[in-house]
Structure formats: C-alpha cells, structure tokens
file data_15.cif (mmCIF, C-alpha atoms)
data_my_file
#
loop_
_atom_site.label_atom_id
_atom_site.label_comp_id
_atom_site.auth_asym_id
_atom_site.auth_seq_id
_atom_site.Cartn_x
_atom_site.Cartn_y
_atom_site.Cartn_z
CA MET A 1 -6.18 14.30 41.97
CA LEU A 2 -5.87 16.85 39.19
CA ARG A 3 -5.65 14.05 36.66
CA ARG A 4 -8.86 12.54 37.95
CA ILE A 5 -10.68 15.86 37.64
CA ILE A 6 -9.34 16.28 34.12
CA ARG A 7 -10.58 12.84 33.10
CA ASP A 8 -14.02 13.37 34.59
CA PRO A 9 -16.70 13.65 31.87
CA LEU A 10 -18.41 16.32 33.95
CA PHE A 11 -15.28 18.43 33.75
CA HIS A 12 -15.34 18.07 29.97
CA PHE A 13 -18.88 19.18 29.87
CA LEU A 14 -18.17 22.22 32.02
CA MET A 15 -15.27 23.05 29.74
CA LEU A 16 -17.57 22.74 26.79
CA GLY A 17 -20.16 24.94 28.46
CA ALA A 18 -17.53 27.57 29.14
CA ALA A 19 -16.41 27.38 25.52
CA ILE A 20 -19.93 27.82 24.22
CA PHE A 21 -20.44 30.74 26.54
CA ALA A 22 -17.22 32.34 25.35
CA ILE A 23 -18.16 31.86 21.70
CA TYR A 24 -21.59 33.29 22.31
CA GLY A 25 -20.08 36.29 24.06
CA PHE A 26 -17.60 36.74 21.24
CA ALA A 27 -20.32 36.58 18.62
CA ARG A 28 -22.40 39.11 20.50
CA ARG A 29 -19.48 41.43 20.95
CA HIS A 30 -18.90 41.34 17.21
CA SER A 31 -22.53 41.30 16.15
CA THR A 32 -23.34 43.70 13.33
CA ASP A 33 -26.23 45.36 15.11
CA LYS A 34 -23.65 47.40 17.00
CA PRO A 35 -21.89 50.00 14.93
CA GLY A 36 -18.90 48.21 13.43
CA GLU A 37 -15.51 48.62 14.93
CA ILE A 38 -12.36 46.60 14.36
CA VAL A 39 -9.67 47.06 16.94
CA VAL A 40 -6.19 45.75 16.18
CA THR A 41 -4.77 45.31 19.67
CA GLN A 42 -1.12 45.10 20.71
CA GLY A 43 -1.71 41.42 21.43
CA THR A 44 -2.97 40.80 17.89
CA ILE A 45 0.02 42.56 16.39
CA GLU A 46 2.35 40.49 18.53
CA ASN A 47 0.69 37.33 17.25
CA LEU A 48 1.08 38.47 13.66
CA VAL A 49 4.77 39.23 14.20
CA THR A 50 5.40 35.86 15.87
CA GLY A 51 3.68 34.00 13.07
CA PHE A 52 5.60 35.87 10.39
CA THR A 53 8.93 35.34 12.16
CA ARG A 54 8.31 31.62 12.51
CA THR A 55 7.55 31.27 8.81
CA TRP A 56 10.28 33.48 7.32
CA GLN A 57 12.99 33.11 9.99
CA ARG A 58 13.23 36.89 10.36
CA PRO A 59 11.08 39.63 11.90
CA PRO A 60 8.82 41.56 9.49
CA THR A 61 9.91 44.92 8.07
CA GLU A 62 7.64 47.88 8.58
CA GLU A 63 6.16 47.35 5.14
CA ASP A 64 5.59 43.64 5.90
CA LEU A 65 3.83 44.59 9.11
CA ARG A 66 1.57 47.11 7.35
CA GLY A 67 0.64 44.34 4.92
CA LEU A 68 -0.02 41.88 7.76
CA ILE A 69 -2.24 44.32 9.61
CA ARG A 70 -4.13 45.28 6.46
CA ASP A 71 -4.76 41.63 5.75
CA TYR A 72 -5.82 40.96 9.32
CA ILE A 73 -8.39 43.77 9.10
CA ARG A 74 -9.75 42.37 5.85
CA GLU A 75 -9.91 38.89 7.30
CA GLU A 76 -11.72 40.08 10.41
CA ALA A 77 -14.26 42.07 8.38
CA ALA A 78 -14.81 39.15 5.98
CA TYR A 79 -15.12 36.74 8.89
CA ARG A 80 -17.78 38.84 10.62
CA GLN A 81 -19.66 39.40 7.39
CA ALA A 82 -19.62 35.67 6.64
CA LEU A 83 -20.93 34.87 10.14
CA ALA A 84 -23.61 37.53 9.82
CA MET A 85 -24.73 35.98 6.54
CA GLY A 86 -24.81 32.56 8.16
CA LEU A 87 -22.16 31.12 5.86
CA ASP A 88 -20.84 29.02 8.74
CA ARG A 89 -24.00 26.96 8.91
CA ASP A 90 -24.11 23.50 7.29
CA ASP A 91 -20.55 23.88 6.08
CA MET A 92 -18.97 20.42 5.97
CA ILE A 93 -15.42 21.69 6.33
CA LEU A 94 -16.16 23.99 9.25
CA ARG A 95 -18.11 21.29 11.07
CA ARG A 96 -15.27 18.84 10.61
CA ARG A 97 -12.70 21.37 11.77
CA LEU A 98 -14.66 22.33 14.87
CA ARG A 99 -15.19 18.72 15.80
CA GLN A 100 -11.50 18.08 15.32
CA LYS A 101 -10.60 20.98 17.59
CA LEU A 102 -12.98 19.78 20.29
CA GLU A 103 -11.69 16.19 20.12
CA PHE A 104 -8.16 17.48 20.18
CA VAL A 105 -8.81 19.37 23.41
CA SER A 106 -10.42 16.38 25.11
CA ASP A 107 -7.76 13.99 23.83
CA ASP A 108 -4.92 16.20 24.96
CA LEU A 109 -6.28 16.31 28.47
CA ALA A 110 -7.09 12.66 28.88
CA SER A 111 -4.47 10.50 27.25
CA ARG A 112 -0.97 11.90 27.55
CA THR A 113 0.14 10.14 30.73
CA GLU A 114 2.90 7.56 30.25
CA PRO A 115 1.93 3.96 31.08
CA SER A 116 3.68 2.24 33.98
CA GLU A 117 5.55 -1.04 33.58
CA ARG A 118 2.57 -2.77 35.13
CA ASP A 119 0.10 -1.14 32.72
CA LEU A 120 2.10 -2.49 29.80
CA GLN A 121 2.44 -5.95 31.30
CA THR A 122 -1.31 -6.15 31.90
CA PHE A 123 -2.08 -4.87 28.43
CA LEU A 124 0.24 -7.41 26.81
CA ALA A 125 -1.37 -10.27 28.74
CA ALA A 126 -4.88 -9.06 27.90
CA HIS A 127 -4.28 -8.78 24.13
CA PRO A 128 -2.17 -11.76 23.05
CA GLU A 129 -3.64 -11.61 19.54
CA LEU A 130 -1.98 -8.23 18.91
CA PHE A 131 1.54 -9.29 19.83
CA GLN A 132 1.83 -12.99 19.08
CA ARG A 133 4.95 -13.76 17.03
CA GLU A 134 4.54 -15.68 13.81
CA ALA A 135 5.94 -19.14 13.12
CA LEU A 136 9.33 -19.12 11.36
CA PHE A 137 10.65 -21.59 8.80
CA SER A 138 14.14 -22.41 7.54
CA PHE A 139 14.22 -24.68 4.52
CA ASN A 140 15.85 -25.68 1.24
CA GLN A 141 13.76 -26.23 -1.86
CA ILE A 142 14.34 -27.87 -5.22
CA TYR A 143 12.03 -26.68 -7.97
CA LEU A 144 10.52 -28.92 -10.63
CA ASN A 145 8.91 -27.19 -13.56
CA PRO A 146 5.81 -29.12 -14.77
CA GLN A 147 6.23 -27.63 -18.25
CA ILE A 148 9.69 -29.17 -18.57
CA HIS A 149 8.84 -32.61 -17.11
CA GLY A 150 5.37 -33.00 -18.61
CA THR A 151 3.86 -36.42 -17.95
CA SER A 152 7.02 -37.81 -16.31
CA LEU A 153 6.85 -35.20 -13.52
CA GLN A 154 5.75 -37.65 -10.82
CA HIS A 155 8.28 -40.26 -11.87
CA ASP A 156 11.16 -37.75 -11.93
CA GLU A 157 10.08 -36.41 -8.57
CA SER A 158 10.01 -39.71 -6.74
CA ARG A 159 13.33 -40.75 -8.26
CA LEU A 160 14.98 -37.52 -7.18
CA LEU A 161 13.37 -37.67 -3.75
CA ASN A 162 14.63 -41.22 -3.24
CA ALA A 163 18.14 -40.23 -4.18
CA LEU A 164 18.05 -37.17 -1.93
CA GLN A 165 16.85 -39.20 1.04
CA LYS A 166 19.81 -41.53 0.54
CA GLY A 167 22.03 -38.45 0.50
CA GLN A 168 23.30 -39.11 -3.01
CA PRO A 169 23.11 -36.06 -5.27
CA ASP A 170 24.20 -32.54 -4.41
CA PRO A 171 20.90 -30.70 -3.84
CA ALA A 172 22.32 -27.49 -5.28
CA ALA A 173 22.85 -29.18 -8.65
CA GLU A 174 19.33 -30.63 -8.91
CA GLY A 175 16.03 -29.21 -10.09
CA ASP A 176 15.07 -26.77 -12.82
CA PRO A 177 16.18 -23.15 -13.19
CA PHE A 178 14.13 -20.93 -10.91
CA LEU A 179 14.32 -17.26 -9.92
CA LEU A 180 13.70 -17.77 -6.20
CA PRO A 181 16.61 -18.73 -3.94
CA PRO A 182 17.14 -22.43 -3.08
CA SER A 183 17.30 -21.77 0.65
CA PHE A 184 15.42 -19.61 3.14
CA GLN A 185 16.36 -18.76 6.74
CA ASP A 186 13.78 -17.89 9.42
CA ILE A 187 11.13 -16.65 7.05
CA THR A 188 7.67 -15.97 8.53
CA PHE A 189 4.58 -17.90 7.55
CA ALA A 190 3.13 -14.75 5.98
CA ASP A 191 6.25 -14.28 3.85
CA VAL A 192 6.17 -17.91 2.72
CA LYS A 193 2.58 -17.33 1.66
CA LYS A 194 3.51 -14.13 -0.16
CA THR A 195 6.43 -15.77 -1.96
CA PHE A 196 5.10 -19.22 -2.85
CA GLY A 197 1.33 -18.93 -2.41
CA GLU A 198 -1.22 -20.21 0.09
CA GLN A 199 -1.10 -23.90 -0.85
CA PHE A 200 2.68 -24.13 -0.43
CA ALA A 201 2.61 -22.35 2.94
CA SER A 202 0.02 -24.67 4.45
CA GLY A 203 1.87 -27.69 3.00
CA LEU A 204 5.14 -26.50 4.50
CA SER A 205 3.73 -25.99 8.00
CA SER A 206 2.67 -29.64 8.29
CA LEU A 207 6.06 -31.10 7.25
CA PRO A 208 8.39 -32.84 9.72
CA THR A 209 11.94 -31.48 9.91
CA GLY A 210 15.30 -32.93 8.97
CA GLN A 211 14.42 -35.05 5.92
CA TRP A 212 13.84 -34.34 2.22
CA GLN A 213 10.07 -34.36 1.66
CA GLY A 214 7.52 -33.58 -0.94
CA PRO A 215 6.49 -32.75 -3.43
CA ILE A 216 4.66 -29.62 -2.32
CA ARG A 217 2.74 -27.62 -4.92
CA SER A 218 3.25 -23.89 -5.25
CA SER A 219 1.94 -21.34 -7.71
CA TYR A 220 4.99 -22.05 -9.87
CA GLY A 221 5.18 -25.82 -9.92
CA GLU A 222 6.34 -28.53 -7.53
CA HIS A 223 9.04 -28.46 -4.88
CA LEU A 224 11.02 -30.99 -2.87
CA ILE A 225 11.67 -29.60 0.59
CA LEU A 226 14.23 -30.04 3.35
CA LEU A 227 12.76 -28.28 6.37
CA SER A 228 15.72 -27.70 8.68
CA LYS A 229 14.09 -25.63 11.42
CA ARG A 230 10.62 -24.60 12.48
CA THR A 231 9.93 -22.10 15.28
CA ASP A 232 6.32 -22.25 16.42
CA ARG A 233 4.23 -19.17 17.14
CA TYR A 234 5.02 -17.79 20.58
CA MET A 235 4.11 -15.00 22.97
CA PRO A 236 6.96 -12.48 23.29
CA VAL A 237 8.01 -11.08 26.67
CA LEU A 238 7.46 -7.39 27.29
CA ALA A 239 11.07 -6.35 26.71
CA GLU A 240 10.85 -7.72 23.16
CA VAL A 241 7.82 -5.70 22.12
CA ARG A 242 7.78 -2.75 24.53
CA ASP A 243 7.44 -0.04 21.86
CA GLN A 244 4.64 -1.85 20.13
CA VAL A 245 2.77 -2.44 23.40
CA ARG A 246 3.20 1.19 24.38
CA ARG A 247 1.78 2.32 21.04
CA GLU A 248 -1.20 -0.01 21.30
CA TRP A 249 -1.75 1.03 24.89
CA PHE A 250 -1.97 4.69 23.89
CA ASP A 251 -4.26 3.81 21.05
CA ALA A 252 -6.59 1.91 23.39
CA ARG A 253 -6.56 4.80 25.86
CA HIS A 254 -7.36 7.21 23.10
CA ILE A 255 -10.36 5.19 21.93
CA GLU A 256 -11.57 4.82 25.51
CA ALA A 257 -11.25 8.53 26.20
CA THR A 258 -13.07 9.43 22.99
CA ASN A 259 -15.90 7.06 23.85
CA ARG A 260 -16.21 8.46 27.37
CA PHE A 261 -16.19 11.97 26.02
CA TYR A 262 -19.02 11.32 23.58
CA GLN A 263 -21.00 9.40 26.17
CA ALA A 264 -20.86 12.40 28.50
CA LEU A 265 -21.61 14.79 25.69
CA LEU A 266 -24.55 12.78 24.35
CA SER A 267 -26.07 12.22 27.79
CA HIS A 268 -27.43 15.74 27.46
CA TYR A 269 -29.22 15.04 24.22
CA THR A 270 -32.17 12.96 23.10
CA VAL A 271 -31.21 11.33 19.82
CA LYS A 272 -33.85 10.36 17.27
CA ILE A 273 -32.94 8.53 14.08
CA GLU A 274 -35.50 8.29 11.30
CA PRO A 275 -35.35 4.98 9.41
CA PRO A 276 -33.41 5.37 6.15
CA GLU A 277 -35.34 4.99 2.90
CA GLU A 278 -34.75 1.48 1.71
CA LYS A 279 -33.67 2.23 -1.84
CA LYS A 280 -30.90 4.54 -0.60
CA VAL A 281 -29.03 1.74 1.14
CA ALA A 282 -26.67 -0.22 -1.12
CA GLN A 283 -27.83 -3.79 -1.70
CA VAL A 284 -24.92 -6.17 -2.04
CA ARG A 285 -25.53 -9.71 -3.11
CA MET B 286 16.79 -0.56 -11.96
CA GLY B 287 17.64 1.18 -15.19
CA GLY B 288 21.14 2.15 -16.20
CA ASP B 289 23.45 3.69 -18.78
CA LEU B 290 25.46 2.22 -21.65
CA SER B 291 28.04 4.02 -23.74
CA ASN B 292 31.13 3.49 -25.94
CA ALA B 293 30.00 0.28 -27.67
CA PRO B 294 33.01 -1.79 -28.86
CA ALA B 295 33.20 -1.91 -32.68
CA GLY B 296 30.99 -4.58 -34.26
CA LYS B 297 29.21 -5.53 -31.04
CA SER B 298 25.59 -5.14 -29.92
CA PRO B 299 24.35 -4.89 -26.37
CA ALA B 300 22.72 -8.02 -24.95
CA PHE B 301 20.22 -8.09 -22.11
CA LEU B 302 19.39 -10.88 -19.66
CA VAL B 303 15.71 -10.61 -18.76
CA ALA B 304 13.78 -12.74 -16.28
CA ALA B 305 10.31 -12.49 -14.77
CA LEU B 306 8.50 -14.58 -12.17
CA LYS B 307 4.73 -14.46 -11.88
CA ASP B 308 2.92 -13.16 -8.83
CA PRO B 309 2.23 -16.29 -6.70
CA ILE B 310 -1.43 -15.33 -6.31
CA GLY B 311 -1.75 -13.88 -9.82
CA ALA B 312 -2.04 -14.93 -13.44
CA ASN B 313 0.59 -16.78 -15.49
CA LEU B 314 2.85 -14.87 -17.87
CA ASP B 315 2.21 -14.49 -21.60
CA ARG B 316 5.47 -12.94 -22.82
CA ILE B 317 8.31 -10.56 -22.15
CA GLN B 318 8.86 -7.69 -24.56
CA ILE B 319 11.71 -5.24 -24.96
CA ILE B 320 10.76 -1.81 -26.19
CA LYS B 321 13.52 0.03 -27.99
CA GLY B 322 13.32 3.72 -28.74
CA TRP B 323 15.89 5.63 -30.77
CA LEU B 324 16.68 8.99 -32.34
CA ASP B 325 17.55 8.95 -36.06
CA SER B 326 19.96 11.28 -37.86
CA LYS B 327 17.10 13.70 -38.63
CA GLY B 328 16.35 14.00 -34.94
CA GLU B 329 13.10 12.04 -35.16
CA THR B 330 12.06 9.50 -32.52
CA HIS B 331 11.14 5.88 -33.25
CA GLU B 332 9.93 2.98 -31.16
CA LYS B 333 9.81 -0.74 -31.76
CA VAL B 334 8.45 -3.59 -29.65
CA TYR B 335 10.36 -6.90 -29.72
CA ASP B 336 8.88 -10.12 -28.33
CA VAL B 337 11.78 -11.64 -26.42
CA VAL B 338 10.48 -14.80 -24.76
CA TRP B 339 7.02 -16.28 -24.48
CA SER B 340 5.09 -19.21 -23.04
CA GLY B 341 4.36 -22.42 -24.94
CA ASP B 342 5.79 -23.36 -28.33
CA ARG B 343 4.33 -20.50 -30.37
CA LYS B 344 6.37 -19.44 -33.41
CA PRO B 345 6.38 -15.87 -34.69
CA ASP B 346 4.78 -15.48 -38.12
CA PRO B 347 7.68 -15.78 -40.61
CA LYS B 348 6.31 -12.92 -42.72
CA THR B 349 5.14 -10.35 -40.19
CA GLY B 350 7.29 -11.49 -37.25
CA GLU B 351 4.15 -11.30 -35.11
CA LEU B 352 3.55 -13.75 -32.29
CA SER B 353 0.09 -15.28 -31.95
CA PRO B 354 -1.92 -14.45 -28.81
CA VAL B 355 -1.41 -16.69 -25.78
CA GLY B 356 -5.09 -17.68 -25.65
CA ASP B 357 -7.89 -16.68 -23.34
CA THR B 358 -9.40 -18.52 -20.36
CA VAL B 359 -11.47 -15.62 -19.06
CA ASP B 360 -15.03 -16.47 -18.04
CA VAL B 361 -16.57 -13.00 -18.03
CA PRO B 362 -19.97 -13.79 -16.40
CA ASN B 363 -18.22 -15.49 -13.47
CA ALA B 364 -15.20 -13.12 -13.52
CA THR B 365 -12.70 -15.98 -13.38
CA TYR B 366 -9.73 -17.30 -15.37
CA THR B 367 -7.49 -20.35 -15.09
CA ASN B 368 -3.70 -20.64 -15.14
CA THR B 369 -3.86 -23.45 -17.71
CA ILE B 370 -2.07 -21.29 -20.30
CA GLY B 371 1.03 -19.13 -19.96
CA ALA B 372 4.23 -19.74 -17.98
CA SER B 373 5.11 -19.21 -14.34
CA GLU B 374 8.48 -17.74 -15.26
CA LEU B 375 10.29 -16.56 -18.39
CA ILE B 376 14.03 -16.07 -18.84
CA ARG B 377 16.02 -15.20 -21.97
CA VAL B 378 19.07 -13.35 -23.23
CA TRP B 379 18.20 -10.88 -25.99
CA LYS B 380 20.61 -9.11 -28.30
CA ASP B 381 19.59 -6.00 -30.22
CA PRO B 382 19.47 -7.14 -33.90
CA GLU B 383 19.45 -3.59 -35.27
CA PHE B 384 22.02 -1.89 -33.09
CA ASP B 385 23.69 1.26 -34.44
CA PRO B 386 26.49 2.48 -32.17
CA ALA B 387 26.08 6.05 -33.49
CA GLN B 388 22.43 6.26 -32.46
CA ARG B 389 21.03 7.38 -29.12
CA ALA B 390 18.58 4.76 -27.83
CA PHE B 391 16.76 3.44 -24.79
CA TYR B 392 15.52 -0.03 -23.88
CA TYR B 393 12.95 -1.10 -21.34
CA VAL B 394 11.26 -4.39 -20.53
CA ARG B 395 7.54 -5.09 -20.41
CA VAL B 396 6.02 -8.31 -19.03
CA LEU B 397 2.48 -9.31 -19.98
CA GLU B 398 0.20 -11.61 -17.98
CA ILE B 399 -2.32 -13.85 -19.71
CA PRO B 400 -5.78 -12.24 -20.13
CA THR B 401 -7.69 -11.80 -16.85
CA PRO B 402 -11.09 -10.29 -15.99
CA ARG B 403 -10.96 -6.51 -15.86
CA TRP B 404 -12.37 -4.73 -12.78
CA THR B 405 -15.53 -4.07 -14.75
CA ALA B 406 -16.15 -7.83 -14.96
CA TYR B 407 -15.70 -8.22 -11.18
CA ASP B 408 -18.09 -5.34 -10.56
CA ALA B 409 -20.68 -6.70 -12.98
CA LYS B 410 -20.58 -10.08 -11.22
CA TYR B 411 -20.56 -8.66 -7.68
CA PHE B 412 -23.37 -6.19 -8.15
CA GLY B 413 -25.31 -8.27 -10.66
CA ILE B 414 -25.45 -5.58 -13.31
CA THR B 415 -25.07 -5.60 -17.08
CA MET B 416 -22.32 -3.41 -18.52
CA PRO B 417 -22.89 -1.48 -21.78
CA PRO B 418 -21.42 -3.30 -24.80
CA GLU B 419 -18.57 -0.82 -25.29
CA VAL B 420 -17.09 -1.51 -21.84
CA PRO B 421 -13.92 -3.68 -22.00
CA MET B 422 -14.36 -6.71 -19.73
CA LYS B 423 -10.87 -8.23 -19.80
CA GLY B 424 -7.30 -7.11 -20.10
CA GLN B 425 -3.68 -8.20 -19.90
CA GLU B 426 -2.01 -6.83 -16.78
CA ARG B 427 1.59 -5.77 -17.26
CA ALA B 428 4.70 -4.69 -15.44
CA TYR B 429 7.54 -2.65 -16.86
CA THR B 430 11.06 -1.68 -15.87
CA SER B 431 13.02 1.54 -15.77
CA PRO B 432 14.89 2.23 -19.02
CA ILE B 433 18.51 1.56 -19.89
CA TRP B 434 19.93 4.44 -21.94
CA TYR B 435 22.48 4.07 -24.71
CA THR B 436 24.49 7.21 -25.49
CA PRO B 437 27.14 7.08 -28.26
CA GLY B 438 30.68 7.83 -27.05
CA LYS B 439 32.42 10.97 -28.37
#
call {"tool": "encode", "arguments": {"input": "data_15.cif", "output": "structure tokens"}}
result
Amino acid sequence: MLRRIIRDPLFHFLMLGAAIFAIYGFARRHSTDKPGEIVVTQGTIENLVTGFTRTWQRPPTEEDLRGLIRDYIREEAAYRQALAMGLDRDDMILRRRLRQKLEFVSDDLASRTEPSERDLQTFLAAHPELFQREALFSFNQIYLNPQIHGTSLQHDESRLLNALQKGQPDPAAEGDPFLLPPSFQDITFADVKKTFGEQFASGLSSLPTGQWQGPIRSSYGEHLILLSKRTDRYMPVLAEVRDQVRREWFDARHIEATNRFYQALLSHYTVKIEPPEEKKVAQVR
Amino acid sequence: MGGDLSNAPAGKSPAFLVAALKDPIGANLDRIQIIKGWLDSKGETHEKVYDVVWSGDRKPDPKTGELSPVGDTVDVPNATYTNTIGASELIRVWKDPEFDPAQRAFYYVRVLEIPTPRWTAYDAKYFGITMPPEVPMKGQERAYTSPIWYTPGK
C-alpha cells in the first residue's frame, strides 16, 4: 500500500509542491528586507561537528570549531547575498545540481525494491536480445604468408590442404611463422572478429567441423582451418545470468520511473517549442 | 613490459627479439625501430634511432644508413588507403652494434604503420570542407613499448 502511494505521480507532485513551499518560506525568512540576522543553532553546530569528525576521524578542537563556525557564518552571509543579487538564476551548474537532487529523490522512492524470481524470469524472456550468448568456436589454424609464397600461394595451399586431409603432415610443423597461436578454444565470434578481422570471422562461421578446410582470408594472409567444435548462439537460463538480469531490470525500472515522474511533472505545464533557426542545426552529408 | 639489464659479460652486447603484428582492422606495418638513449662520460644525454626490420626488400642507403620510405597509398580527397604496401607482421633479433658496458642506457621499441589519412582528412571528407594548406592530412600511426634499462654493474 505504502509502496503504491510512493510510486504514484500525484504523490511526487505533492512532494514537489511541499518542497517549493518550503523553499519559498526559507527564502522569505532569509530575505534581506528584514533586518539581517544569522543564527547559528545547536543543530547547525552539531552538523558541523559531525562533518568534521567524518572527514578527519577525530572531533574538532575548540579552535577548529571556532573556525568552522566562522566559515559557516561567512558562507551563510555570502549565500544570502548571492540569492539577493539573483546569482542563482540561469546558472548552468546550479540548475543541473537541483535537477539531480530532484531526480535523486524521486528515484530513491520508486526503484529500490528487489525484483522477485518471477520478475527476473519475465524480464529475461521479454528481452532475449540483451542476454543471448554468443556462438563459440574451437579451431586450429595454419598460416600462409602471401609475401613468402608470392604467386605459388594457391598451389602451395591446395597441396598442403590435400596432405592435411589425408592426415599426413604434422599440422604443428606446417605453415609460416606467425605471432598468433595455432589453436583456439571456445573463443566468441566477437573475439574471432577482433583477432583475425571481419572476413575471417564470417568465413569461419560457415565452415563444417571435423575436417581441414580453407583457405580463409584474414587481415594477415590466408589460413587453413580445422574447426573442431562450434557452439551456436543460445538463450541462457536465469541461473546463468541472474546478476546481469537483475542489473538490467533495475535499469529498466529506473528509466520507467524517470519517465513517469517527468510525465506527471510536465502535465502541469504547457510546453511551446519555437522552431530552431535552420543554419544553427549541423548539416551532415 | 620493460625491464632491467645489468652486469654485461665482457665482450658481449645485449640482443633483443622484437615482433609486431598489425591491427586486424588497421593498416599494414612499415618498420620496427629501436630507440637507444645513453649517458656519456660528461653526463650528457644522447639518442639514436635504429631501423630494425622493415617491409619489402628496401635496402638502407650505404652512405647515410637511412631507409627509404615505405610508400604512400593515401587518397586524401576520399580519406582512404590500401594495404598493398607494408607487412602484416615483422619479427627480428637486433643486437646493439655500439654497446658500451660502462654506459648507462635505455632501449625502447617503436612500430610504424604505413601512411594513413589523418583525422583532418576524414573530417574534410565527411563535412565536405576544404582544410587550409598548412594542415597535415596524413600521418604514420605508431605504437611504442616501455623501456628496458641498462645499468653498468659496480
């Protein structure tokens, strides 16, 4: 029940109203048309002491405290003067900070409840694209350097491939020197792409398993391939990706709550947008 | 990466095995260089760049020792290049020809790609603008290692 009230946009608006009222009252109380008075209350001093203790891991000495209070008085006077002069208006940093504080309050109220098992299960099923596991490849490769073989590259390749398919030479002894390892275990499609380049990755994914194949072109040259295992893309079960689902769930809730909050807030405004001047919008060919 | 060498055996120079593989979506490699820096007996610093291994069958100039440029495939108006020059990997063992065991020194490796369009060329193409003539439009991207320090033994 309480949770429902807290999530209600109307509640947010009432909160906001109360906040505005409080700020207005505060501003009036401190307005300069009354003879100025700065009162350092017991409560304020306690706050100063707590803050100091948290920072320095010890309570302030008397001298420290005098300094803190003196600084507080200066800050308060400067703050009021700045408000009186209207320095808070059109200030990018203040606007951003106030917005942040307001969003923080609304976010804190709306999105801190833990998801149930069912929530997570539903979320996982509704967003397969976020959690799908990539295809994995295990393979051996023999590198042929086009700069070494020159025009006989194709001939050398098919001879070597023939021999390999008959199981004759030791694969480890064949091919040209190359910095990448001759064999890869359960490497993702994305990693294949990152290591060998796009062309190689798409070539590899269409190969049948269990037989020397090729050649496949990479960014480095040509490769003969023995694809030993391919695991296709699959949907994981919840237990496998629980943390990730939980994170995404919170993120989705957060976005939802923010949208609801602004909808409620903006329902009390009429918004007019003047068309932007054409030459001020970047033209990209 | 990096490291320390000390107490060189009499009459021997340090040798380095260097190897570089190109970025699979990037440009081919032009050359690998070793940069040696040392401190002479007057306490002054010196630096020298050695070409260690390079693509193609270029020969260093017998007089100056300088290696000719790898070439240039950059098409500035279209902001493209081709990997028809350069090598996809370079490997070589290099031995310091001027090693002095009494001298403090450092060595680090620098790898140069073949010339590619600079970001200014991509911008000029994308936004359809003309750059002023003094703006460089191509460059040779490079990677370098942490140094290996040589300190004479006492």
call {"tool": "interface_residues", "arguments": {"input": "data_15.cif", "of": "chain A", "to": "chain B", "cutoff": "6 Å", "atoms": "all atoms listed in the file", "output": "PyMOL selection string"}}
result
chain A and resi 196-197+219-220
call {"tool": "atom_distance", "arguments": {"input": "data_15.cif", "atom1": "CA of Arg70 (chain A)", "atom2": "CA of Asp88 (chain A)"}}
result
23.4 Å
call {"tool": "atom_distance", "arguments": {"input": "data_15.cif", "atom1": "CA of Arg230 (chain A)", "atom2": "CA of Ser205 (chain A)"}}
result
8.3 Å
call {"tool": "atom_distance", "arguments": {"input": "data_15.cif", "atom1": "CA of Gly322 (chain B)", "atom2": "CA of Leu397 (chain B)"}}
result
19.1 Å
call {"tool": "closest_residue", "arguments": {"input": "data_15.cif", "among": "B:Thr369, B:Thr430, B:Ser353, B:Thr330", "to": "Tyr393 (chain B)", "atoms": "all atoms listed in the file"}}
result
B:Thr430
call {"tool": "decode", "arguments": {"input": "data_15.cif", "residues": "region 318-323 of chain B", "atoms": "all heavy atoms", "output": "short mmCIF file (atom, residue, chain, number, x, y, z; two decimals), in the first residue's frame"}}
result
data_model
loop_
_atom_site.label_atom_id
_atom_site.label_comp_id
_atom_site.auth_asym_id
_atom_site.auth_seq_id
_atom_site.Cartn_x
_atom_site.Cartn_y
_atom_site.Cartn_z
N GLN B 318 61.43 0.12 -35.14
CA GLN B 318 62.65 0.84 -34.78
C GLN B 318 62.98 0.59 -33.32
O GLN B 318 62.08 0.36 -32.51
CB GLN B 318 62.45 2.35 -34.99
CG GLN B 318 62.16 2.70 -36.43
CD GLN B 318 61.79 4.17 -36.58
OE1 GLN B 318 61.09 4.73 -35.76
NE2 GLN B 318 62.28 4.78 -37.66
N ILE B 319 64.26 0.59 -33.00
CA ILE B 319 64.67 0.60 -31.60
C ILE B 319 65.31 1.95 -31.32
O ILE B 319 66.18 2.41 -32.08
CB ILE B 319 65.62 -0.55 -31.26
CG1 ILE B 319 64.82 -1.85 -31.19
CG2 ILE B 319 66.35 -0.30 -29.93
CD1 ILE B 319 65.60 -3.05 -30.73
N ILE B 320 64.86 2.60 -30.29
CA ILE B 320 65.44 3.87 -29.90
C ILE B 320 66.34 3.62 -28.70
O ILE B 320 65.90 3.06 -27.69
CB ILE B 320 64.36 4.92 -29.56
CG1 ILE B 320 63.61 5.31 -30.82
CG2 ILE B 320 64.98 6.17 -28.98
CD1 ILE B 320 62.43 4.50 -31.14
N LYS B 321 67.61 3.99 -28.87
CA LYS B 321 68.55 3.83 -27.77
C LYS B 321 68.91 5.21 -27.23
O LYS B 321 69.17 6.13 -28.01
CB LYS B 321 69.82 3.12 -28.25
CG LYS B 321 70.85 2.96 -27.14
CD LYS B 321 72.17 2.41 -27.66
CE LYS B 321 73.16 2.29 -26.49
NZ LYS B 321 74.48 1.84 -26.93
N GLY B 322 68.89 5.35 -25.93
CA GLY B 322 69.34 6.58 -25.30
C GLY B 322 70.46 6.25 -24.36
O GLY B 322 70.48 5.16 -23.77
N TRP B 323 71.47 7.10 -24.24
CA TRP B 323 72.56 6.80 -23.30
C TRP B 323 73.14 8.08 -22.71
O TRP B 323 72.89 9.18 -23.19
CB TRP B 323 73.64 5.97 -23.99
CG TRP B 323 74.42 6.69 -25.05
CD1 TRP B 323 75.60 7.35 -24.89
CD2 TRP B 323 74.07 6.81 -26.43
NE1 TRP B 323 76.01 7.89 -26.07
CE2 TRP B 323 75.10 7.57 -27.05
CE3 TRP B 323 73.01 6.36 -27.22
CZ2 TRP B 323 75.07 7.89 -28.40
CZ3 TRP B 323 73.00 6.68 -28.56
CH2 TRP B 323 74.02 7.43 -29.14
#
